>>> print(open('run.csv').read())   # CSV, C-alpha atoms
chain,number,residue,atom,x,y,z
D,1,MET,CA,0.0,0.0,0.0
D,2,LYS,CA,1.4,3.4,-1.0
D,3,CYS,CA,0.9,6.9,0.3
D,4,ARG,CA,-0.2,9.5,-2.4
D,5,CYS,CA,3.4,10.8,-2.2
D,6,GLY,CA,4.7,7.4,-3.3
D,7,ARG,CA,6.3,6.2,0.0
D,8,ARG,CA,5.2,3.0,1.8
D,9,ALA,CA,2.1,3.5,3.9
D,10,VAL,CA,2.1,3.0,7.6
D,11,TYR,CA,-1.6,3.8,8.2
D,12,TYR,CA,-4.8,3.6,6.3
D,13,ARG,CA,-7.3,6.3,7.4
D,14,ARG,CA,-10.4,4.3,6.6
D,15,PHE,CA,-13.2,6.9,6.8
D,16,GLU,CA,-11.5,9.2,4.3
D,17,GLY,CA,-9.9,6.4,2.2
D,18,SER,CA,-6.4,7.7,2.5
D,19,ALA,CA,-3.2,5.7,2.9
D,20,LEU,CA,-0.4,7.7,4.7
D,21,CYS,CA,3.4,7.2,4.9
D,22,LYS,CA,5.2,8.1,8.2
D,23,LYS,CA,6.0,11.6,7.1
D,24,CYS,CA,2.5,12.4,5.8
D,25,PHE,CA,0.8,10.9,8.8
D,26,LEU,CA,2.9,12.9,11.3
D,27,LYS,CA,2.2,16.0,9.3
D,28,SER,CA,-1.5,15.3,9.2
D,29,ILE,CA,-1.7,15.0,13.0
D,30,GLU,CA,0.3,18.3,13.6
D,31,LYS,CA,-2.0,20.0,11.0
D,32,LYS,CA,-5.1,18.8,12.7
D,33,VAL,CA,-4.0,19.9,16.2
D,34,LYS,CA,-3.2,23.4,14.8
D,35,ARG,CA,-6.6,23.5,13.1
D,36,THR,CA,-8.4,22.5,16.4
D,37,VAL,CA,-6.5,25.1,18.3
D,38,ARG,CA,-7.2,27.8,15.7
D,39,ASN,CA,-10.9,27.0,15.0
D,40,ASN,CA,-11.8,26.9,18.6
D,41,LYS,CA,-9.5,29.7,19.7
D,42,LEU,CA,-8.0,27.4,22.4
D,43,ILE,CA,-5.1,29.7,23.2
D,44,ARG,CA,-4.6,33.4,23.1
D,45,PRO,CA,-1.8,35.9,23.9
D,46,GLY,CA,-1.2,36.2,27.6
D,47,ASP,CA,-2.1,32.6,28.3
D,48,ARG,CA,-0.2,30.6,30.9
D,49,ILE,CA,-1.1,27.0,30.3
D,50,ALA,CA,-0.9,24.1,32.7
D,51,PHE,CA,-0.5,20.8,31.0
D,52,ALA,CA,-2.0,17.8,32.9
D,53,LEU,CA,0.7,15.3,32.2
D,54,SER,CA,0.4,11.7,33.4
D,55,GLY,CA,3.3,10.3,31.3
D,56,GLY,CA,1.0,8.3,29.2
D,57,LYS,CA,0.6,8.6,25.4
D,58,ASP,CA,-2.2,11.2,25.2
D,59,SER,CA,-0.9,13.8,27.7
D,60,SER,CA,2.6,13.3,26.3
D,61,ALA,CA,1.4,13.8,22.8
D,62,VAL,CA,-0.5,16.9,23.6
D,63,LEU,CA,2.4,18.4,25.5
D,64,TYR,CA,4.8,17.7,22.6
D,65,LEU,CA,2.5,19.0,19.9
D,66,MET,CA,1.5,22.1,21.8
D,67,HIS,CA,5.1,22.8,22.7
D,68,GLU,CA,5.8,23.0,19.0
D,69,ILE,CA,3.1,25.7,18.7
D,70,ILE,CA,3.7,27.6,22.0
D,71,SER,CA,7.5,27.6,22.6
D,72,PRO,CA,8.3,29.9,19.7
D,73,ARG,CA,6.0,32.5,21.1
D,74,ARG,CA,6.9,35.1,23.7
D,75,ASP,CA,3.3,36.0,24.6
D,76,MET,CA,2.5,32.6,26.1
D,77,GLU,CA,3.8,30.3,28.8
D,78,MET,CA,3.5,26.6,29.6
D,79,PHE,CA,4.3,24.2,32.4
D,80,ALA,CA,3.3,20.7,33.4
D,81,ILE,CA,1.5,19.2,36.4
D,82,THR,CA,1.5,15.5,37.2
D,83,ILE,CA,-0.8,14.1,39.9
D,84,ASP,CA,0.6,11.2,41.8
D,85,GLU,CA,-2.5,9.3,43.0
D,86,GLY,CA,-0.4,6.8,44.8
D,87,ILE,CA,-1.0,3.7,42.7
D,88,SER,CA,2.2,1.9,43.6
D,89,SER,CA,2.2,-0.7,40.8
D,90,TYR,CA,1.6,1.9,38.0
D,91,ARG,CA,2.2,5.6,38.7
D,92,PRO,CA,6.0,5.7,39.5
D,93,LYS,CA,6.9,4.5,36.0
D,94,THR,CA,4.6,7.1,34.3
D,95,ILE,CA,6.0,9.9,36.5
D,96,LYS,CA,9.5,8.9,35.4
D,97,ALA,CA,8.4,9.2,31.7
D,98,ALA,CA,6.7,12.5,32.4
D,99,LYS,CA,9.8,14.0,34.1
D,100,LYS,CA,12.0,12.8,31.2
D,101,LEU,CA,9.7,14.4,28.6
D,102,CYS,CA,9.6,17.7,30.5
D,103,LYS,CA,13.4,17.7,30.8
D,104,GLU,CA,13.8,17.0,27.0
D,105,LEU,CA,11.4,19.9,26.1
D,106,GLY,CA,12.7,22.3,28.8
D,107,ILE,CA,9.4,22.6,30.5
D,108,GLU,CA,8.8,23.3,34.2
D,109,HIS,CA,7.3,20.3,35.9
D,110,TYR,CA,5.4,20.0,39.2
D,111,VAL,CA,4.2,16.8,40.9
D,112,PHE,CA,1.5,16.8,43.5
D,113,SER,CA,0.3,13.8,45.4
D,114,PHE,CA,-3.0,12.6,46.8
D,115,LYS,CA,-1.1,11.6,50.0
D,116,ASP,CA,-0.3,15.3,50.6
D,117,PHE,CA,-3.8,16.6,49.8
D,118,PHE,CA,-6.0,13.9,51.2
D,119,GLY,CA,-3.8,12.1,53.6
D,120,LYS,CA,-4.0,8.8,51.7
D,121,THR,CA,-3.1,7.2,48.4
D,122,LEU,CA,-5.6,5.7,46.0
D,123,ASP,CA,-4.2,2.3,46.9
D,124,GLN,CA,-5.3,3.0,50.5
D,125,LYS,CA,-8.6,4.4,49.5
D,126,VAL,CA,-9.5,1.4,47.3
D,127,LYS,CA,-9.2,-0.8,50.4
D,128,GLU,CA,-11.8,1.4,52.2
D,129,ILE,CA,-14.4,1.9,49.4
D,130,LYS,CA,-15.4,-1.8,49.3
D,131,ASN,CA,-17.9,-0.9,52.0
D,132,CYS,CA,-19.0,2.4,50.4
D,133,GLU,CA,-21.9,3.2,48.1
D,134,ILE,CA,-19.6,4.3,45.3
D,135,LYS,CA,-17.2,1.4,44.7
D,136,GLU,CA,-15.4,2.4,41.4
D,137,PRO,CA,-11.8,3.5,42.0
D,138,CYS,CA,-12.1,5.7,38.8
D,139,THR,CA,-14.7,7.9,40.5
D,140,TYR,CA,-12.4,8.7,43.5
D,141,CYS,CA,-9.4,9.0,41.2
D,142,GLY,CA,-11.1,11.3,38.7
D,143,VAL,CA,-12.6,13.6,41.4
D,144,GLY,CA,-9.3,13.8,43.3
D,145,ARG,CA,-7.2,14.5,40.2
D,146,ARG,CA,-9.5,17.2,38.9
D,147,TYR,CA,-9.6,18.9,42.3
D,148,VAL,CA,-5.8,18.9,42.8
D,149,LEU,CA,-5.2,19.9,39.2
D,150,ASN,CA,-7.6,22.9,39.4
D,151,LEU,CA,-6.3,24.1,42.7
D,152,LYS,CA,-2.6,23.9,41.9
D,153,ALA,CA,-3.0,25.2,38.4
D,154,ARG,CA,-4.7,28.2,39.8
D,155,GLU,CA,-2.1,28.7,42.5
D,156,LEU,CA,0.6,28.5,39.8
D,157,GLY,CA,-1.1,31.3,37.8
D,158,ALA,CA,-2.5,29.1,35.0
D,159,THR,CA,-5.1,30.7,32.7
D,160,LYS,CA,-6.0,27.3,31.2
D,161,ILE,CA,-5.4,23.6,31.8
D,162,CYS,CA,-4.7,21.5,28.7
D,163,THR,CA,-5.6,17.8,28.8
D,164,GLY,CA,-4.9,15.0,26.4
D,165,HIS,CA,-8.5,13.9,25.9
D,166,ASN,CA,-8.8,12.4,22.4
D,167,LEU,CA,-11.7,11.6,20.1
D,168,ASP,CA,-12.3,8.3,21.7
D,169,ASP,CA,-12.5,9.8,25.2
D,170,GLU,CA,-14.9,12.5,24.0
D,171,VAL,CA,-17.2,10.1,22.2
D,172,GLN,CA,-17.2,7.7,25.1
D,173,SER,CA,-18.1,10.5,27.5
D,174,ILE,CA,-20.9,11.6,25.2
D,175,ILE,CA,-22.4,8.1,25.1
D,176,MET,CA,-21.9,7.5,28.9
D,177,ASN,CA,-23.7,10.8,29.8
D,178,TYR,CA,-26.6,9.8,27.6
D,179,ILE,CA,-26.7,6.3,29.1
D,180,ARG,CA,-26.8,7.8,32.6
D,181,GLY,CA,-29.4,10.3,31.5
D,182,ASP,CA,-27.1,13.1,32.5
D,183,ILE,CA,-27.7,15.4,29.6
D,184,LEU,CA,-26.9,18.7,31.4
D,185,ARG,CA,-23.6,17.3,32.5
D,186,ALA,CA,-22.9,16.4,28.8
D,187,GLY,CA,-23.0,20.2,28.2
D,188,ARG,CA,-19.6,20.4,29.8
D,189,LEU,CA,-17.9,18.5,27.0
D,190,GLY,CA,-16.4,20.4,24.2
D,191,PRO,CA,-13.0,21.7,23.0
D,192,VAL,CA,-13.1,24.2,25.8
D,193,THR,CA,-14.8,23.4,29.1
D,194,ASP,CA,-18.2,24.9,29.4
D,195,PHE,CA,-17.9,28.5,30.5
D,196,SER,CA,-21.2,28.3,32.3
D,197,ILE,CA,-19.1,26.4,34.8
D,198,ARG,CA,-16.9,29.4,35.0
D,199,LYS,CA,-20.0,31.6,35.5
D,200,LYS,CA,-21.0,29.3,38.4
D,201,HIS,CA,-17.6,29.2,40.0
D,202,GLY,CA,-16.0,32.4,38.9
D,203,LYS,CA,-12.2,32.6,38.7
D,204,MET,CA,-11.8,29.6,41.0
D,205,PHE,CA,-12.3,27.3,38.1
D,206,ILE,CA,-9.6,27.2,35.4
D,207,PRO,CA,-11.0,26.4,31.9
D,208,ARG,CA,-9.8,23.3,30.3
D,209,ILE,CA,-8.8,22.9,26.6
D,210,LYS,CA,-8.5,19.7,24.6
D,211,PRO,CA,-6.5,20.1,21.4
D,212,LEU,CA,-6.5,16.3,20.6
D,213,ARG,CA,-10.3,16.1,20.7
D,214,GLU,CA,-10.7,15.3,17.1
D,215,ILE,CA,-7.9,12.7,16.9
D,216,PRO,CA,-8.6,9.0,17.4
D,217,GLU,CA,-6.8,7.2,20.2
D,218,LYS,CA,-5.2,4.9,17.7
D,219,GLU,CA,-3.7,7.8,15.7
D,220,ILE,CA,-2.3,9.3,19.0
D,221,ALA,CA,-0.7,5.9,19.7
D,222,LEU,CA,0.8,5.7,16.2
D,223,TYR,CA,2.1,9.3,16.4
D,224,ILE,CA,4.0,8.4,19.7
D,225,MET,CA,5.4,5.2,18.2
D,226,LEU,CA,6.5,6.9,14.9
D,227,LYS,CA,8.2,9.7,16.9
D,228,ASN,CA,9.9,7.0,19.1
D,229,MET,CA,8.7,8.9,22.2
D,230,ASP,CA,9.6,7.1,25.4
D,231,ILE,CA,6.3,7.0,27.3
D,232,SER,CA,4.5,4.6,29.6
D,233,TRP,CA,2.1,2.2,27.8
D,234,ASP,CA,0.9,0.6,31.0
D,235,GLU,CA,-2.8,0.6,31.8
D,236,CYS,CA,-4.0,1.6,35.2
D,237,PRO,CA,-4.7,-1.5,37.3
D,238,TYR,CA,-7.9,0.0,38.6
D,239,ALA,CA,-9.3,0.9,35.2
D,240,SER,CA,-12.8,-0.5,35.0
D,241,GLY,CA,-16.4,0.5,34.7
D,242,ILE,CA,-19.0,1.3,32.1
D,243,ARG,CA,-16.5,3.3,30.0
D,244,PHE,CA,-14.8,0.1,28.9
D,245,ASP,CA,-18.1,-1.4,27.7
D,246,VAL,CA,-18.8,1.8,25.8
D,247,ARG,CA,-15.3,1.8,24.4
D,248,ASP,CA,-15.8,-1.7,22.9
D,249,PHE,CA,-19.2,-0.8,21.6
D,250,ILE,CA,-17.9,2.4,19.8
D,251,ASN,CA,-14.9,0.5,18.4
D,252,ASN,CA,-17.2,-2.2,17.0
D,253,LEU,CA,-19.3,0.5,15.3
D,254,GLU,CA,-16.3,2.2,14.0
D,255,LYS,CA,-14.9,-1.0,12.6
D,256,LYS,CA,-18.1,-1.7,10.7
D,257,TYR,CA,-19.0,1.9,9.9
D,258,PRO,CA,-15.8,4.0,9.6
D,259,GLY,CA,-16.2,7.6,10.6
D,260,THR,CA,-18.8,6.8,13.3
D,261,LYS,CA,-16.7,8.5,16.0
D,262,TYR,CA,-16.5,11.7,14.0
D,263,THR,CA,-20.2,11.8,13.3
D,264,ILE,CA,-21.1,11.3,16.9
D,265,LEU,CA,-18.7,14.1,17.9
D,266,TYR,CA,-19.8,16.6,15.3
D,267,ALA,CA,-23.5,15.9,15.9
D,268,PHE,CA,-23.0,16.4,19.6
D,269,ASP,CA,-21.2,19.7,19.0
D,270,LYS,CA,-24.2,21.0,17.2
D,271,ILE,CA,-26.5,20.4,20.2
D,272,VAL,CA,-24.2,21.5,22.9
D,273,PRO,CA,-25.2,25.2,22.7
D,274,TYR,CA,-28.8,24.2,23.3
D,275,ILE,CA,-27.8,22.0,26.3
D,276,ARG,CA,-25.8,24.8,27.7
D,277,LYS,CA,-28.7,27.3,27.3
D,278,ALA,CA,-30.7,24.9,29.5
D,279,SER,CA,-28.1,25.0,32.2
D,280,VAL,CA,-29.0,28.5,33.5
D,281,PHE,CA,-27.3,29.9,36.6
D,282,LYS,CA,-28.1,33.2,38.2
D,283,GLU,CA,-25.5,35.9,37.5
D,284,GLY,CA,-23.3,36.3,40.5
D,285,GLU,CA,-24.2,33.0,42.0
D,286,ILE,CA,-20.8,31.4,43.0
D,287,LEU,CA,-21.0,27.9,44.4
D,288,LYS,CA,-18.3,27.2,46.9
D,289,CYS,CA,-17.6,24.2,49.1
D,290,LYS,CA,-18.5,24.9,52.7
D,291,LYS,CA,-15.5,22.8,53.8
D,292,CYS,CA,-12.7,23.9,51.6
D,293,GLY,CA,-13.9,26.9,49.6
D,294,GLU,CA,-13.2,25.2,46.2
D,295,PRO,CA,-15.8,25.1,43.4
D,296,ALA,CA,-18.8,22.9,44.2
D,297,SER,CA,-22.0,21.8,42.7
D,298,GLY,CA,-23.7,21.6,46.1
D,299,GLU,CA,-22.9,22.6,49.7
D,300,VAL,CA,-19.8,20.3,49.8
D,301,CYS,CA,-17.6,19.6,46.8
D,302,LYS,CA,-17.1,16.0,45.5
D,303,ALA,CA,-13.5,15.9,46.7
D,304,CYS,CA,-14.5,16.7,50.3
D,305,GLU,CA,-17.4,14.3,50.1
D,306,LEU,CA,-15.4,11.4,48.7
D,307,TRP,CA,-11.9,12.0,50.2
D,308,LYS,CA,-12.3,14.1,53.4
D,309,ALA,CA,-15.4,12.6,54.9
C,1,MET,CA,-1.8,-22.5,4.0
C,2,ILE,CA,1.0,-20.4,5.4
C,3,ALA,CA,2.6,-20.2,8.9
C,4,ILE,CA,3.2,-16.9,10.7
C,5,GLU,CA,4.4,-15.9,14.2
C,6,VAL,CA,2.2,-13.5,16.2
C,7,SER,CA,3.2,-11.7,19.4
C,8,TYR,CA,0.5,-10.1,21.6
C,9,ARG,CA,0.7,-8.9,25.2
C,10,GLY,CA,4.0,-10.6,25.7
C,11,LYS,CA,2.9,-14.0,24.3
C,12,LYS,CA,4.1,-15.6,21.1
C,13,LYS,CA,2.0,-17.9,19.0
C,14,ASN,CA,2.4,-19.7,15.7
C,15,LEU,CA,-0.6,-19.6,13.4
C,16,LYS,CA,-1.5,-21.4,10.2
C,17,ILE,CA,-3.7,-19.3,7.9
C,18,LYS,CA,-4.9,-18.9,4.3
C,19,ASN,CA,-2.1,-17.6,2.1
C,20,THR,CA,-4.2,-14.7,0.8
C,21,SER,CA,-4.9,-13.4,4.3
C,22,THR,CA,-4.6,-9.8,5.4
C,23,ILE,CA,-3.5,-8.6,8.8
C,24,GLU,CA,-7.1,-7.6,9.5
C,25,GLU,CA,-8.2,-11.2,8.9
C,26,VAL,CA,-5.6,-12.5,11.3
C,27,LEU,CA,-6.9,-10.0,13.9
C,28,GLU,CA,-10.4,-11.2,13.4
C,29,ASN,CA,-9.2,-14.8,13.8
C,30,LEU,CA,-7.8,-13.8,17.2
C,31,GLY,CA,-10.9,-11.8,18.2
C,32,ILE,CA,-9.1,-8.5,18.2
C,33,ASN,CA,-10.7,-5.3,16.9
C,34,ARG,CA,-8.3,-3.4,14.5
C,35,GLU,CA,-9.5,-0.1,16.1
C,36,ALA,CA,-7.8,-1.1,19.4
C,37,VAL,CA,-4.4,-2.1,18.1
C,38,ILE,CA,-1.4,-1.2,15.9
C,39,VAL,CA,0.4,-4.0,14.1
C,40,SER,CA,4.0,-4.3,12.9
C,41,LYS,CA,5.1,-6.8,10.3
C,42,ASN,CA,8.7,-7.9,10.5
C,43,GLY,CA,9.5,-4.9,12.6
C,44,GLU,CA,7.7,-2.2,10.5
C,45,ILE,CA,4.3,-0.7,11.3
C,46,VAL,CA,1.9,-1.4,8.5
C,47,PRO,CA,-1.8,-0.8,7.7
C,48,GLU,CA,-4.1,-3.8,8.6
C,49,ASP,CA,-5.0,-4.2,4.9
C,50,GLU,CA,-1.6,-5.5,4.1
C,51,ARG,CA,-1.3,-9.2,3.1
C,52,ILE,CA,1.0,-11.5,4.9
C,53,LYS,CA,3.2,-14.3,3.6
C,54,ASN,CA,4.8,-17.4,5.0
C,55,GLY,CA,7.3,-16.7,7.8
C,56,ASP,CA,6.0,-13.2,8.6
C,57,LYS,CA,6.3,-12.0,12.2
C,58,LEU,CA,3.5,-9.9,13.5
C,59,LYS,CA,3.6,-7.9,16.7
C,60,ILE,CA,0.2,-6.6,17.9
C,61,MET,CA,0.3,-3.6,20.2
C,62,ASP,CA,-2.7,-2.2,22.2
C,63,VAL,CA,-3.4,1.4,21.7
C,64,VAL,CA,-5.5,1.7,24.9
C,65,SER,CA,-3.4,2.7,27.8
C,66,GLY,CA,-3.5,4.9,30.9
C,67,GLY,CA,-6.5,5.2,33.1
>>> encode(input="run.csv", output="structure tokens")
Amino acid sequence: MKCRCGRRAVYYRRFEGSALCKKCFLKSIEKKVKRTVRNNKLIRPGDRIAFALSGGKDSSAVLYLMHEIISPRRDMEMFAITIDEGISSYRPKTIKAAKKLCKELGIEHYVFSFKDFFGKTLDQKVKEIKNCEIKEPCTYCGVGRRYVLNLKARELGATKICTGHNLDDEVQSIIMNYIRGDILRAGRLGPVTDFSIRKKHGKMFIPRIKPLREIPEKEIALYIMLKNMDISWDECPYASGIRFDVRDFINNLEKKYPGTKYTILYAFDKIVPYIRKASVFKEGEILKCKKCGEPASGEVCKACELWKA
Amino acid sequence: MIAIEVSYRGKKKNLKIKNTSTIEEVLENLGINREAVIVSKNGEIVPEDERIKNGDKLKIMDVVSGG
């Protein structure tokens, strides 16, 4: 199979019927990220962007790709934050990869741990939650990570947080929210986190941007492999839950009907403005956790409810 | 029929398959969805539509990682 340039193809982009060589594939990914950034105005002069860096393929890819865009500019800054949840069989290796990448790119890197914030690691928490109503480690991990990331990014002067969420992540979240009947929550999805959240929480909440949102997970993995980037390929030992069923379901559809992931995303993006209009908050109403003062949806934030109770 | 070697998740396996098979057909034979993996043939990453021949060594790599 040959690329249109004549070189040997490494990848066949099925939904558009194009075979790509290494050079053309890498260029197509870089072009797509630039287009997502430009079309959604993800960054602007004066931004100081905190990159949520786990050391895995997606966060490493977005750091690398955005570094190419941001580093030549004097009107923007970037740094990386890694959250150590305390998963002893998994996280140390990924932190090592994250540190290495930041050193190679010359990017400031901060590591913050659950142990310091909540007094316990996720490994310790998982032993306790067997008797709780919420039993999925991912719930505790996700809430904790977002809490620490938002707080520390804000303290470090970030105007935005950049995550490595890819097309598969977004489509899975869209479907998961629909399955759970949580349509209003789905309004938070998008290339930039819903600003109505910012309206609700004011400057306490740092907006999140997702430059890889339109790139399939498989293409991110291929980008990393072709660039010979030394990242961690391990899967979290606690990874479980409905997301995995949804992932398999979506992948089966994509295999049979190439382009399904894109059509789900683009259709969803058309209805998001209507969902957001339905999430109306009173001007000036800022919701703060009674316990810690951080953004909350109720009287107490999820992090305090799940980690500090 | 032809014989190939397949590596997946640290395990190696020798398979006998039709000599007109593509990599995708091998994946289907193993119950693996092409959307979830990247495959190298004799050390080079290739599209799943590529045909294989006797003695080829395939390495199947998961794309799903992280948490």
>>> residues_around(input="run.csv", residues="Lys11 in chain C", least_positions_apart="5", cutoff="12 Å", atoms="only C-alpha atoms", output="ChimeraX atom specification")
/C:5-6,58-61
>>> interface_residues(input="run.csv", of="chain C", to="chain D", cutoff="9 Å", atoms="only C-alpha atoms", output="PDB file with C-alpha atoms, in the coordinates of the input")
ATOM      1  CA  ASN C  33     -10.700  -5.300  16.900  1.00  0.00           C
ATOM      2  CA  ARG C  34      -8.300  -3.400  14.500  1.00  0.00           C
ATOM      3  CA  GLU C  35      -9.500  -0.100  16.100  1.00  0.00           C
ATOM      4  CA  ALA C  36      -7.800  -1.100  19.400  1.00  0.00           C
ATOM      5  CA  VAL C  37      -4.400  -2.100  18.100  1.00  0.00           C
ATOM      6  CA  ILE C  38      -1.400  -1.200  15.900  1.00  0.00           C
ATOM      7  CA  GLU C  44       7.700  -2.200  10.500  1.00  0.00           C
ATOM      8  CA  ILE C  45       4.300  -0.700  11.300  1.00  0.00           C
ATOM      9  CA  VAL C  46       1.900  -1.400   8.500  1.00  0.00           C
ATOM     10  CA  PRO C  47      -1.800  -0.800   7.700  1.00  0.00           C
ATOM     11  CA  GLU C  48      -4.100  -3.800   8.600  1.00  0.00           C
ATOM     12  CA  ASP C  49      -5.000  -4.200   4.900  1.00  0.00           C
ATOM     13  CA  GLU C  50      -1.600  -5.500   4.100  1.00  0.00           C
ATOM     14  CA  ASP C  62      -2.700  -2.200  22.200  1.00  0.00           C
ATOM     15  CA  VAL C  63      -3.400   1.400  21.700  1.00  0.00           C
ATOM     16  CA  VAL C  64      -5.500   1.700  24.900  1.00  0.00           C
ATOM     17  CA  SER C  65      -3.400   2.700  27.800  1.00  0.00           C
ATOM     18  CA  GLY C  66      -3.500   4.900  30.900  1.00  0.00           C
ATOM     19  CA  GLY C  67      -6.500   5.200  33.100  1.00  0.00           C
TER      20      GLY C  67
END
>>> atom_distance(input="run.csv", atom1="CA of Ala3 in chain C", atom2="CA of Asn29 in chain C")
13.9 Å
>>> atom_distance(input="run.csv", atom1="CA of Arg38 in chain D", atom2="CA of Lys152 in chain D")
26.9 Å
>>> closest_residue(input="run.csv", among="C:Lys53, C:Ile2, C:Lys41, C:Glu28", to="Leu15 in chain C", atoms="only C-alpha atoms")
C:Ile2
>>> closest_residue(input="run.csv", among="D:Ile95, D:Val148, D:Cys132, D:Ala153", to="Ile49 in chain D", atoms="all atoms listed in the file")
D:Ala153
>>> atom_distance(input="run.csv", atom1="CA of Asn166 in chain D", atom2="CA of Ile215 in chain D")
5.6 Å
>>> residues_near_point(input="run.csv", point="(5.4, 15.5, 33.2)", cutoff="12 Å", atoms="only C-alpha atoms", output="ChimeraX atom specification")
/D:50-64,78-84,91-112,231-232
>>> closest_residue(input="run.csv", among="C:Leu27, C:Tyr8, C:Asn14, C:Asn19", to="Asn54 in chain C", atoms="only C-alpha atoms")
C:Asn19
>>> residues_around(input="run.csv", residues="range 175-185 of chain D", least_positions_apart="4", cutoff="10 Å", atoms="all atoms listed in the file", output="number ranges by chain")
D: 170-171, 189, 194, 242-243, 245-247, 250, 264, 268, 272, 274-279
>>> closest_residue(input="run.csv", among="D:Val192, D:Leu122, D:Leu265, D:Met66", to="Arg145 in chain D", atoms="all atoms listed in the file")
D:Leu122
>>> closest_residue(input="run.csv", among="C:Lys13, C:Met1, C:Ser7, C:Val26", to="Asn42 in chain C", atoms="all atoms listed in the file")
C:Ser7
>>> build_atoms(input="run.csv", residues="range 144-155 of chain D", atoms="N, CA and C atoms", output="JSON list (two decimals), keeping the file's coordinate frame")
[["chain", "number", "residue", "atom", "x", "y", "z"],
["D", 144, "GLY", "N", -10.51, 13.32, 42.61],
["D", 144, "GLY", "CA", -9.30, 13.80, 43.30],
["D", 144, "GLY", "C", -8.35, 14.51, 42.34],
["D", 145, "ARG", "N", -8.14, 13.90, 41.16],
["D", 145, "ARG", "CA", -7.20, 14.50, 40.20],
["D", 145, "ARG", "C", -7.66, 15.85, 39.73],
["D", 146, "ARG", "N", -8.95, 15.97, 39.39],
["D", 146, "ARG", "CA", -9.50, 17.20, 38.90],
["D", 146, "ARG", "C", -9.39, 18.32, 39.97],
["D", 147, "TYR", "N", -9.63, 17.93, 41.21],
["D", 147, "TYR", "CA", -9.60, 18.90, 42.30],
["D", 147, "TYR", "C", -8.17, 19.42, 42.51],
["D", 148, "VAL", "N", -7.21, 18.51, 42.61],
["D", 148, "VAL", "CA", -5.80, 18.90, 42.80],
["D", 148, "VAL", "C", -5.30, 19.73, 41.63],
["D", 149, "LEU", "N", -5.65, 19.27, 40.44],
["D", 149, "LEU", "CA", -5.20, 19.90, 39.20],
["D", 149, "LEU", "C", -5.72, 21.37, 39.16],
["D", 150, "ASN", "N", -7.01, 21.55, 39.43],
["D", 150, "ASN", "CA", -7.60, 22.90, 39.40],
["D", 150, "ASN", "C", -6.98, 23.81, 40.41],
["D", 151, "LEU", "N", -6.85, 23.30, 41.60],
["D", 151, "LEU", "CA", -6.30, 24.10, 42.70],
["D", 151, "LEU", "C", -4.88, 24.52, 42.46],
["D", 152, "LYS", "N", -4.05, 23.56, 42.09],
["D", 152, "LYS", "CA", -2.60, 23.90, 41.90],
["D", 152, "LYS", "C", -2.37, 24.68, 40.66],
["D", 153, "ALA", "N", -3.11, 24.39, 39.59],
["D", 153, "ALA", "CA", -3.00, 25.20, 38.40],
["D", 153, "ALA", "C", -3.28, 26.65, 38.65],
["D", 154, "ARG", "N", -4.33, 26.86, 39.45],
["D", 154, "ARG", "CA", -4.70, 28.20, 39.80],
["D", 154, "ARG", "C", -3.65, 28.90, 40.63],
["D", 155, "GLU", "N", -3.13, 28.18, 41.62],
["D", 155, "GLU", "CA", -2.10, 28.70, 42.50],
["D", 155, "GLU", "C", -0.84, 29.07, 41.70]]
